[in-house]
$ cat input_28.txt   # compact mmCIF, C-alpha atoms and all ligand atoms
# COMPACT_ATOMS: atom_id res chain seq x y z
CA MET O 251 -13.84 -14.13 -26.38
CA THR O 252 -13.21 -13.16 -22.74
CA ARG O 253 -10.63 -10.40 -23.08
CA ALA O 254 -9.08 -9.47 -19.76
CA VAL O 255 -6.12 -7.98 -17.92
CA LEU O 256 -4.46 -9.74 -15.02
CA THR O 257 -2.98 -7.98 -11.99
CA LEU O 258 -0.26 -9.62 -9.92
CA ASN O 259 1.11 -8.55 -6.58
CA ALA O 260 3.97 -10.89 -5.71
CA GLY O 261 5.24 -10.89 -2.11
CA SER O 262 7.93 -13.04 -0.56
CA SER O 263 5.62 -16.03 -0.11
CA SER O 264 2.35 -14.79 -1.52
CA LEU O 265 0.77 -13.82 -4.81
CA LYS O 266 -2.34 -11.65 -4.91
CA VAL O 267 -4.18 -11.81 -8.23
CA ALA O 268 -7.16 -10.16 -9.88
CA LEU O 269 -8.62 -10.65 -13.34
CA PHE O 270 -10.35 -7.60 -14.79
CA PRO O 271 -12.45 -7.45 -17.95
CA GLU O 272 -11.33 -5.26 -20.85
CA THR O 273 -13.48 -2.42 -19.50
CA GLY O 274 -15.16 -1.75 -16.17
CA ASP O 275 -14.12 -1.67 -12.56
CA GLN O 276 -15.47 -4.99 -11.29
CA PRO O 277 -13.01 -7.90 -11.40
CA LEU O 278 -14.08 -11.19 -12.93
CA ALA O 279 -12.07 -13.00 -10.26
CA VAL O 280 -9.75 -12.31 -7.36
CA GLY O 281 -7.54 -14.55 -5.30
CA LEU O 282 -4.48 -15.21 -3.23
CA ALA O 283 -1.77 -17.83 -3.35
CA ASP O 284 -0.37 -17.94 0.15
CA ARG O 285 2.58 -19.65 1.83
CA ILE O 286 4.13 -20.35 -1.57
CA GLY O 287 6.44 -23.31 -0.92
CA PRO O 288 5.77 -26.83 0.34
CA ASP O 289 2.57 -25.72 2.15
CA GLY O 290 1.22 -23.40 -0.55
CA VAL O 291 -2.51 -22.73 -0.72
CA LEU O 292 -4.43 -21.07 -3.54
CA LYS O 293 -7.87 -19.53 -3.15
CA LEU O 294 -9.70 -17.93 -6.07
CA LYS O 295 -13.25 -16.66 -6.29
CA ASP O 296 -15.39 -15.21 -9.04
CA ALA O 297 -17.30 -11.93 -9.04
CA THR O 298 -20.14 -13.45 -7.01
CA GLY O 299 -17.74 -14.68 -4.35
CA ALA O 300 -18.14 -18.31 -5.43
CA PRO O 301 -14.88 -20.26 -5.15
CA LEU O 302 -13.14 -21.32 -8.36
CA ALA O 303 -11.51 -24.73 -8.47
CA ALA O 304 -7.79 -24.10 -8.11
CA SER O 305 -4.85 -26.42 -7.74
CA GLY O 306 -1.37 -26.92 -9.09
CA ASP O 307 2.26 -26.57 -8.18
CA LEU O 308 2.43 -23.92 -5.47
CA THR O 309 6.07 -24.38 -4.60
CA SER O 310 7.13 -21.32 -6.63
CA HIS O 311 5.70 -18.06 -7.95
CA ALA O 312 5.93 -19.42 -11.50
CA GLY O 313 3.95 -22.49 -10.44
CA ALA O 314 1.37 -20.33 -8.67
CA ILE O 315 0.89 -18.12 -11.76
CA ALA O 316 0.39 -21.24 -13.90
CA ALA O 317 -2.13 -22.63 -11.40
CA VAL O 318 -4.06 -19.33 -11.41
CA ILE O 319 -4.19 -19.25 -15.20
CA ASP O 320 -5.24 -22.91 -15.40
CA SER O 321 -8.12 -22.16 -13.08
CA PHE O 322 -9.17 -19.06 -15.07
CA ARG O 323 -8.95 -20.99 -18.35
CA ALA O 324 -11.16 -23.74 -16.91
CA GLN O 325 -13.72 -21.07 -16.02
CA TRP O 326 -13.34 -18.98 -19.20
CA PRO O 327 -12.07 -21.32 -21.93
CA ASP O 328 -11.99 -18.42 -24.43
CA LEU O 329 -9.83 -16.24 -22.12
CA GLU O 330 -7.47 -13.87 -23.91
CA LEU O 331 -4.97 -12.05 -21.69
CA LEU O 332 -4.39 -8.57 -23.08
CA ALA O 333 -1.83 -7.40 -20.55
CA ILE O 334 -0.49 -8.18 -17.11
CA GLY O 335 -0.02 -5.43 -14.52
CA HIS O 336 2.42 -5.91 -11.66
CA ARG O 337 2.78 -4.16 -8.35
CA VAL O 338 6.43 -3.25 -7.87
CA VAL O 339 7.47 -1.68 -4.62
CA HIS O 340 10.34 0.44 -5.90
CA GLY O 341 10.54 2.55 -9.03
CA GLY O 342 13.47 4.67 -7.88
CA ALA O 343 13.79 8.41 -8.33
CA ASP O 344 12.91 8.55 -12.02
CA ASN O 345 9.82 6.41 -12.53
CA THR O 346 6.87 8.74 -12.12
CA ARG O 347 4.34 6.46 -13.84
CA PRO O 348 3.84 2.81 -14.78
CA VAL O 349 6.18 1.38 -17.41
CA THR O 350 5.92 -1.46 -19.90
CA VAL O 351 8.64 -3.91 -18.97
CA ASP O 352 11.30 -5.21 -21.34
CA ASP O 353 14.69 -6.69 -20.53
CA ALA O 354 16.31 -3.24 -20.18
CA VAL O 355 13.62 -2.04 -17.77
CA LEU O 356 13.94 -5.24 -15.76
CA THR O 357 17.70 -4.73 -15.45
CA ASP O 358 17.07 -1.17 -14.31
CA LEU O 359 14.57 -2.29 -11.69
CA GLU O 360 16.96 -4.97 -10.48
CA ARG O 361 19.43 -2.20 -9.64
CA LEU O 362 16.88 -0.92 -7.12
CA SER O 363 16.70 -4.25 -5.25
CA PRO O 364 19.24 -3.17 -2.58
CA PHE O 365 16.79 -0.38 -1.66
CA ALA O 366 13.98 -2.88 -0.99
CA PRO O 367 15.68 -6.26 -0.56
CA LEU O 368 12.68 -7.87 1.12
CA HIS O 369 10.21 -6.95 -1.61
CA GLN O 370 11.74 -5.91 -4.93
CA PRO O 371 13.31 -9.30 -5.80
CA HIS O 372 9.96 -11.04 -5.30
CA ASN O 373 8.09 -8.44 -7.36
CA LEU O 374 10.59 -8.87 -10.17
CA ALA O 375 10.46 -12.66 -9.90
CA GLY O 376 6.71 -12.37 -10.49
CA ILE O 377 7.32 -10.31 -13.64
CA ARG O 378 9.95 -12.73 -14.89
CA ALA O 379 7.65 -15.70 -14.34
CA ALA O 380 4.80 -13.93 -16.14
CA MET O 381 7.07 -12.94 -19.05
CA ALA O 382 8.15 -16.55 -19.46
CA ALA O 383 4.59 -17.86 -19.27
CA PHE O 384 3.12 -15.22 -21.62
CA PRO O 385 5.69 -14.10 -24.14
CA GLY O 386 4.26 -11.28 -26.23
CA VAL O 387 1.73 -10.17 -23.61
CA PRO O 388 2.64 -6.67 -22.36
CA GLN O 389 3.84 -6.63 -18.75
CA VAL O 390 3.31 -3.33 -16.97
CA ALA O 391 5.13 -2.42 -13.75
CA CYS O 392 3.24 -0.12 -11.35
CA PHE O 393 5.34 1.40 -8.60
CA ASP O 394 4.47 2.18 -4.99
CA THR O 395 6.94 5.04 -5.07
CA ALA O 396 5.83 6.75 -8.31
CA PHE O 397 2.95 8.75 -6.87
CA HIS O 398 5.27 10.58 -4.47
CA ARG O 399 7.66 11.88 -7.10
CA THR O 400 5.78 15.17 -6.99
CA ASN O 401 7.18 15.76 -3.48
CA PRO O 402 9.26 18.92 -3.13
CA LYS O 403 12.93 18.40 -2.29
CA VAL O 404 12.45 19.18 1.42
CA SER O 405 10.03 16.25 1.57
CA ASP O 406 12.17 13.71 -0.20
CA SER O 407 15.55 14.34 1.37
CA PHE O 408 17.29 13.64 4.66
CA ALA O 409 19.71 16.00 6.40
CA LEU O 410 22.64 13.81 5.38
CA PRO O 411 25.65 14.74 3.25
CA ARG O 412 24.51 15.62 -0.27
CA ALA O 413 26.41 12.77 -1.92
CA LEU O 414 24.08 10.28 -0.25
CA TYR O 415 21.04 11.93 -1.87
CA ASP O 416 22.71 11.57 -5.24
CA ASP O 417 23.39 7.97 -4.32
CA GLY O 418 19.66 7.37 -3.94
CA VAL O 419 19.33 7.80 -0.17
CA ARG O 420 16.04 9.71 -0.30
CA ARG O 421 12.54 9.59 1.05
CA TYR O 422 10.68 7.69 -1.67
CA GLY O 423 7.36 7.12 0.07
CA PHE O 424 5.23 4.02 -0.53
CA HIS O 425 1.57 2.89 -0.79
CA GLY O 426 1.44 5.10 -3.89
CA LEU O 427 -1.04 2.89 -5.74
CA SER O 428 -3.47 3.23 -2.87
CA TYR O 429 -3.03 7.02 -2.72
CA ASP O 430 -3.42 7.25 -6.47
CA TYR O 431 -6.75 5.43 -6.21
CA ILE O 432 -7.98 7.54 -3.30
CA ALA O 433 -6.98 10.80 -5.03
CA GLY O 434 -8.96 9.74 -8.12
CA GLU O 435 -11.94 8.56 -6.12
CA LEU O 436 -12.01 11.79 -4.10
CA ALA O 437 -11.92 13.83 -7.30
CA ARG O 438 -14.93 11.85 -8.51
CA ARG O 439 -16.91 12.06 -5.26
CA ALA O 440 -15.98 15.49 -3.93
CA PRO O 441 -14.08 17.55 -6.53
CA HIS O 442 -13.98 20.67 -4.34
CA LEU O 443 -12.22 18.70 -1.58
CA ALA O 444 -9.86 17.03 -4.03
CA GLU O 445 -8.63 20.49 -5.01
CA GLY O 446 -7.69 21.24 -1.40
CA ARG O 447 -5.41 19.95 1.36
CA VAL O 448 -6.10 16.31 2.10
CA ILE O 449 -4.46 13.78 4.40
CA VAL O 450 -4.97 10.14 3.50
CA ALA O 451 -4.41 7.57 6.26
CA HIS O 452 -3.75 4.16 4.74
CA LEU O 453 -3.97 2.03 7.87
CA GLY O 454 -3.55 -1.67 7.22
CA ASN O 455 -0.98 -4.25 8.19
CA GLY O 456 1.36 -1.79 6.50
CA ALA O 457 0.44 1.77 7.44
CA SER O 458 1.32 5.22 6.19
CA MET O 459 -0.15 8.65 5.60
CA CYS O 460 0.12 10.99 2.65
CA ALA O 461 -0.43 14.73 2.36
CA LEU O 462 -2.15 15.72 -0.90
CA GLN O 463 -2.37 19.21 -2.31
CA ALA O 464 -4.79 19.35 -5.23
CA GLY O 465 -4.40 15.59 -5.65
CA ARG O 466 -0.59 15.59 -5.74
CA SER O 467 1.57 14.02 -3.05
CA MET O 468 3.49 16.65 -1.08
CA ALA O 469 4.79 14.49 1.78
CA SER O 470 4.27 11.07 3.32
CA THR O 471 5.23 9.24 6.48
CA MET O 472 7.22 6.46 4.84
CA GLY O 473 10.72 7.30 3.73
CA PHE O 474 13.69 5.47 2.30
CA THR O 475 12.01 2.18 3.13
CA ALA O 476 8.52 1.13 4.12
CA LEU O 477 9.69 1.05 7.76
CA ASP O 478 9.42 4.72 8.65
CA GLY O 479 6.48 6.68 10.02
CA LEU O 480 3.56 4.92 11.64
CA PRO O 481 3.90 1.72 13.65
CA MET O 482 2.54 -1.23 11.64
CA GLY O 483 1.58 -4.85 12.18
CA THR O 484 5.18 -5.96 12.68
CA ARG O 485 7.20 -2.94 11.45
CA CYS O 486 8.52 -0.36 13.88
CA GLY O 487 7.63 2.93 12.21
CA GLN O 488 9.59 5.97 13.34
CA VAL O 489 12.57 5.12 15.49
CA ASP O 490 15.60 7.14 16.56
CA PRO O 491 18.49 5.97 14.33
CA GLY O 492 20.62 6.04 17.49
CA VAL O 493 18.74 2.96 18.66
CA LEU O 494 20.12 1.03 15.70
CA LEU O 495 23.68 2.18 16.46
CA TYR O 496 23.21 1.01 20.04
CA LEU O 497 21.92 -2.39 18.90
CA MET O 498 24.92 -2.81 16.61
CA ASP O 499 27.62 -1.43 18.87
CA GLN O 500 26.49 -2.51 22.30
CA LYS O 501 24.32 -5.53 21.62
CA GLY O 502 26.41 -6.90 18.77
CA MET O 503 23.40 -7.41 16.54
CA THR O 504 24.01 -8.09 12.86
CA ALA O 505 22.27 -6.30 10.00
CA ALA O 506 20.18 -9.41 9.41
CA GLU O 507 19.09 -9.54 13.05
CA ILE O 508 18.19 -5.86 13.10
CA THR O 509 16.30 -6.27 9.83
CA ASP O 510 14.27 -9.07 11.38
CA LEU O 511 13.66 -6.98 14.50
CA LEU O 512 12.49 -3.90 12.62
CA TYR O 513 10.42 -5.61 9.94
CA ARG O 514 9.01 -8.67 11.69
CA GLN O 515 9.18 -8.35 15.47
CA SER O 516 8.16 -4.75 16.10
CA GLY O 517 5.05 -2.59 15.65
CA LEU O 518 1.79 -3.82 17.14
CA LEU O 519 3.24 -7.30 17.58
CA GLY O 520 6.31 -6.08 19.43
CA LEU O 521 4.38 -3.72 21.69
CA SER O 522 1.56 -6.11 22.52
CA GLY O 523 3.63 -9.28 22.68
CA LEU O 524 0.46 -10.84 21.32
CA SER O 525 -0.45 -10.10 17.72
CA ASN O 526 0.11 -7.92 14.68
CA ASP O 527 -3.61 -7.95 13.99
CA MET O 528 -5.67 -4.97 15.13
CA ARG O 529 -8.85 -7.02 15.47
CA THR O 530 -7.12 -9.40 17.84
CA LEU O 531 -5.75 -6.49 19.89
CA GLU O 532 -9.12 -4.77 20.09
CA ALA O 533 -10.64 -7.99 21.43
CA ALA O 534 -7.75 -8.94 23.72
CA GLY O 535 -8.31 -6.59 26.66
CA THR O 536 -4.80 -7.05 28.05
CA PRO O 537 -2.82 -4.01 29.27
CA GLU O 538 -0.14 -4.70 26.65
CA ALA O 539 -2.69 -4.83 23.83
CA ALA O 540 -4.20 -1.57 25.10
CA GLU O 541 -0.75 0.02 25.14
CA ALA O 542 -0.08 -1.09 21.58
CA ILE O 543 -3.37 0.49 20.47
CA ASP O 544 -2.61 3.67 22.45
CA TYR O 545 0.78 3.95 20.74
CA PHE O 546 -0.72 3.37 17.28
CA VAL O 547 -3.38 6.03 17.88
CA PHE O 548 -0.86 8.50 19.34
CA ARG O 549 1.50 8.16 16.38
CA CYS O 550 -1.40 8.57 13.94
CA GLN O 551 -2.45 11.77 15.71
CA ARG O 552 1.10 13.12 15.63
CA GLU O 553 1.51 12.36 11.94
CA VAL O 554 -1.81 13.97 11.01
CA GLY O 555 -0.58 17.08 12.82
CA SER O 556 2.76 16.93 11.07
CA LEU O 557 1.29 16.47 7.59
CA ALA O 558 -1.30 19.21 8.19
CA ALA O 559 1.61 21.51 9.04
CA ALA O 560 3.34 20.45 5.82
CA LEU O 561 0.19 21.40 3.88
CA GLY O 562 -0.46 24.60 5.82
CA GLY O 563 -3.84 23.29 6.95
CA ILE O 564 -6.30 20.50 6.27
CA ASP O 565 -9.62 20.29 4.43
CA ALA O 566 -10.21 16.54 4.56
CA LEU O 567 -8.96 13.42 6.31
CA ILE O 568 -9.55 10.11 4.57
CA PHE O 569 -9.24 6.67 6.14
CA CYS O 570 -8.49 3.59 4.08
CA GLY O 571 -6.79 0.18 4.48
CA GLY O 572 -8.04 -2.72 6.61
CA ILE O 573 -7.97 -0.76 9.87
CA GLY O 574 -8.99 2.59 8.35
CA GLU O 575 -11.94 1.08 6.49
CA ASN O 576 -13.20 -1.16 9.29
CA SER O 577 -12.14 -0.12 12.76
CA ARG O 578 -14.64 2.33 14.20
CA LEU O 579 -12.68 2.33 17.43
CA ILE O 580 -9.37 3.39 15.89
CA ARG O 581 -10.97 6.07 13.70
CA ALA O 582 -12.81 7.50 16.70
CA ARG O 583 -9.72 7.35 18.91
CA ILE O 584 -7.52 9.10 16.32
CA CYS O 585 -10.08 11.83 15.70
CA GLU O 586 -10.94 12.51 19.32
CA ARG O 587 -7.84 14.68 19.84
CA LEU O 588 -7.96 16.42 16.47
CA GLY O 589 -10.83 18.79 17.23
CA TRP O 590 -8.36 21.69 17.11
CA MET O 591 -7.99 21.13 13.36
CA GLY O 592 -11.73 21.18 12.72
CA ILE O 593 -12.20 17.41 12.95
CA ASP O 594 -15.43 16.31 14.57
CA ILE O 595 -16.85 12.92 13.78
CA ASP O 596 -20.45 11.81 14.13
CA PRO O 597 -20.50 8.63 16.26
CA ALA O 598 -23.50 7.17 14.42
CA ARG O 599 -21.93 7.76 11.00
CA ASN O 600 -18.66 6.31 12.23
CA ALA O 601 -20.39 3.27 13.69
CA ALA O 602 -22.22 2.75 10.40
CA ASN O 603 -18.95 2.96 8.40
CA ASP O 604 -20.53 5.75 6.34
CA ALA O 605 -18.63 7.30 3.44
CA VAL O 606 -18.57 10.65 5.31
CA ILE O 607 -18.18 10.26 9.05
CA SER O 608 -17.69 13.91 10.07
CA THR O 609 -20.58 16.01 11.36
CA ASP O 610 -22.29 18.44 9.00
CA GLN O 611 -20.87 21.37 10.97
CA ALA O 612 -17.26 20.13 11.00
CA ARG O 613 -14.74 22.39 9.28
CA THR O 614 -12.75 19.36 8.08
CA THR O 615 -14.47 16.53 6.23
CA VAL O 616 -13.58 13.02 7.39
CA MET O 617 -14.26 10.20 4.96
CA VAL O 618 -13.84 6.44 4.69
CA ILE O 619 -12.96 5.21 1.20
CA ALA O 620 -12.19 1.57 0.43
CA THR O 621 -8.93 1.57 -1.45
CA ASN O 622 -8.39 -0.48 -4.60
CA GLU O 623 -4.77 -0.92 -5.60
CA GLU O 624 -5.63 -3.72 -8.02
CA LEU O 625 -7.89 -1.44 -10.05
CA VAL O 626 -5.11 1.15 -10.36
CA ILE O 627 -2.82 -1.59 -11.71
CA ALA O 628 -5.51 -2.88 -14.10
CA ARG O 629 -6.13 0.63 -15.42
CA ALA O 630 -2.41 1.13 -15.98
CA ALA O 631 -2.22 -2.18 -17.86
CA ARG O 632 -5.15 -1.14 -20.05
CA ALA O 633 -3.65 2.29 -20.61
CA ALA O 634 -0.42 0.68 -21.74
CA LEU O 635 -2.43 -1.07 -24.42
CA GLY O 636 -3.69 2.22 -25.71
CA LEU O 637 -7.06 1.68 -24.10
CA ALA O 638 -6.70 5.06 -22.47
CA ARG O 639 -10.44 5.64 -22.50
CA ASN O 640 -10.73 3.17 -19.62
CA VAL O 641 -8.27 5.06 -17.48
CA ALA O 642 -10.66 7.95 -17.16
CA GLU O 643 -13.60 5.69 -16.31
P1 LIG N 701 -2.38 -5.24 4.24
O1 LIG N 701 -1.56 -4.03 4.58
O2 LIG N 701 -1.68 -6.54 4.50
O3 LIG N 701 -3.10 -5.15 2.90
P2 LIG N 701 -5.02 -4.81 5.32
O4 LIG N 701 -5.21 -3.49 4.66
O5 LIG N 701 -5.87 -5.94 4.90
O6 LIG N 701 -3.52 -5.26 5.36
O7 LIG N 701 -5.28 -4.54 6.90
C1 LIG N 701 -5.14 -5.57 7.84
C2 LIG N 701 -5.43 -4.97 9.21
O8 LIG N 701 -6.79 -4.48 9.24
C3 LIG N 701 -5.29 -5.97 10.34
O9 LIG N 701 -4.63 -5.39 11.45
C4 LIG N 701 -6.74 -6.25 10.69
O10 LIG N 701 -6.92 -6.64 12.03
C5 LIG N 701 -7.37 -4.89 10.45
N1 LIG N 701 -8.82 -4.98 10.39
C6 LIG N 701 -9.58 -5.54 9.42
N2 LIG N 701 -10.89 -5.49 9.78
C7 LIG N 701 -10.95 -4.88 10.99
C8 LIG N 701 -11.99 -4.53 11.90
N3 LIG N 701 -13.26 -4.80 11.62
N4 LIG N 701 -11.66 -3.93 13.06
C9 LIG N 701 -10.38 -3.67 13.36
N5 LIG N 701 -9.34 -3.96 12.54
C10 LIG N 701 -9.62 -4.55 11.38

$ encode --input "input_28.txt" --output "structure tokens" --more "lines below"
Ligand code: ADP
Amino acid sequence: MTRAVLTLNAGSSSLKVALFPETGDQPLAVGLADRIGPDGVLKLKDATGAPLAASGDLTSHAGAIAAVIDSFRAQWPDLELLAIGHRVVHGGADNTRPVTVDDAVLTDLERLSPFAPLHQPHNLAGIRAAMAAFPGVPQVACFDTAFHRTNPKVSDSFALPRALYDDGVRRYGFHGLSYDYIAGELARRAPHLAEGRVIVAHLGNGASMCALQAGRSMASTMGFTALDGLPMGTRCGQVDPGVLLYLMDQKGMTAAEITDLLYRQSGLLGLSGLSNDMRTLEAAGTPEAAEAIDYFVFRCQREVGSLAAALGGIDALIFCGGIGENSRLIRARICERLGWMGIDIDPARNAANDAVISTDQARTTVMVIATNEELVIARAARAALGLARNVAE
């Protein structure tokens, strides 16, 4: 019997999947259903990287889940799904850990959809489709916001009238599954550092930073939505709210138009006029691409400074995410102006993508750790089954 847990990360038109065995960190299979709709494509591969035959109805998330399972069943005819773990962007103010979903929980999570209208409905649609396809199999929701619920009040509020805080207008923070993984991995690799003041830079298509004190989130760059903080592939990052008032009042833009501008037309894409993809910008060599990179680096430097101030110092800086794990250029550029906080990276270690890229003499350790949100979800799904022993693995 192949006993396994499935992880699902449902986006607006995509579904990221991973199949993990009952124990252990290596997935049996990973894959992505992309462009769900008339042009849907599904790619799955096994642990060796060999493609798995995959086809089916990719016009909906439900269809994509069925196609994924059909492919896994063809590969492992004795497959038994123990639990399904879901990435859910918003857990609100109260969810501090993963929860097993029933109808009441689902209704509760639906109430949070106005806070994350571009993501939450799709995440919940994925859960609903999985519940329908696998009645009786536990469905576990893992929240991007949960890890930050340890933030002190100064970190999770805005200077707005108090009633709005009570209404849910707070800084929730996101990328929590990634930070959870990195905090655990750091504790395993360098326990003395994990006990200290650590800034984690999750730099991918979505980008944020988190300040950890003894492994607990104290502050992060994302706020009420996943728009705030660092510039991203197509999201703006920090922007003066007065700009939005100007766009509404003077330019007559609607909420939908501003949403599109801030989420899909801004960030690296907006600045470069070329691409949201850092690799493309690094290769482009145009003045606009260089400016977009300069802005990204500058904002990263500012936020490291800000989070270090929030922590009262810094013992380690950790890079993760597609850019953080792979771009030697961006890591070097960010670090080159942070010498004043004891950051000094070794060019050869950085070029080699080493796990530790700081010099031996540096006061602050700089590391590169590949994040693994899927594993955090799989562990939560196992834990929900009472297989807690695997959580500590
Ligand atoms: P997401 O937030 O969608 O999960 P990723 O974490 O996969 O995104 O990060 C995607 C980003 O990482 C893209 O901007 C991509 O160009 C960048 N990236 C990946 N590899 C490299 C590399 N070798 N050099 C520079 N940027 C890279």

$ residues_near_ligand --input "input_28.txt" --ligand "ligand LIG 701 (chain N)" --cutoff "9 Å" --atoms "all atoms listed in the file" --output "ChimeraX atom specification"
/O:452-457,482-483,518,525-532,570-580,621

$ residues_around --input "input_28.txt" --residues "Ala396 (chain O)" --least-positions-apart "5" --cutoff "6 Å" --atoms "all atoms listed in the file" --output "PyMOL selection string"
chain O and resi 345-347

$ residues_around --input "input_28.txt" --residues "Tyr429 (chain O)" --least-positions-apart "4" --cutoff "9 Å" --atoms "all atoms listed in the file" --output "list of chain:residue names"
O:Phe397, O:His425, O:Ala433, O:Gly434, O:Val450, O:His452, O:Met459, O:Cys460, O:Leu462, O:Ser467, O:Thr621, O:Glu623

$ atom_distance --input "input_28.txt" --atom1 "CA of Ala283 (chain O)" --atom2 "CA of Phe322 (chain O)"
13.9 Å

$ closest_residue --input "input_28.txt" --among "O:Thr509, O:Ser470, O:Ser428, O:Gln488" --to "Phe569 (chain O)" --atoms "only C-alpha atoms"
O:Ser428

$ residues_near_point --input "input_28.txt" --point "(5.8, 16.7, -10.2)" --cutoff "10 Å" --atoms "only C-alpha atoms" --output "number ranges by chain"
O: 346, 397-402, 466-468

$ atom_distance --input "input_28.txt" --atom1 "CA of Leu265 (chain O)" --atom2 "CA of Val280 (chain O)"
10.9 Å

$ residues_near_point --input "input_28.txt" --point "(14.3, -7.5, 1.8)" --cutoff "10 Å" --atoms "only C-alpha atoms" --output "list in words"
Ser262, Ser363, Pro364, Phe365, Ala366, Pro367, Leu368, His369, Gln370, Pro371, His372, Ala506, Thr509, Asp510 and Tyr513 of chain O

$ axis_aligned_box --input "input_28.txt" --around "region 325-334 of chain O" --padding-each-side "8 Å" --output "AutoDock Vina command-line options"
--center_x -7.1 --center_y -14.4 --center_z -20.2 --size_x 29.2 --size_y 29.9 --size_z 24.4

$ residues_around --input "input_28.txt" --residues "region 444-449 of chain O" --least-positions-apart "3" --cutoff "8 Å" --atoms "only C-alpha atoms" --output "list in words"
Ala433, Leu436, Ala437, Ala440, Pro441, Met459, Cys460, Ala461, Leu462, Gln463, Ala464, Gly465, Val554, Leu557, Ala558, Leu561, Gly563, Ile564, Asp565, Ala566, Leu567 and Ile568 of chain O
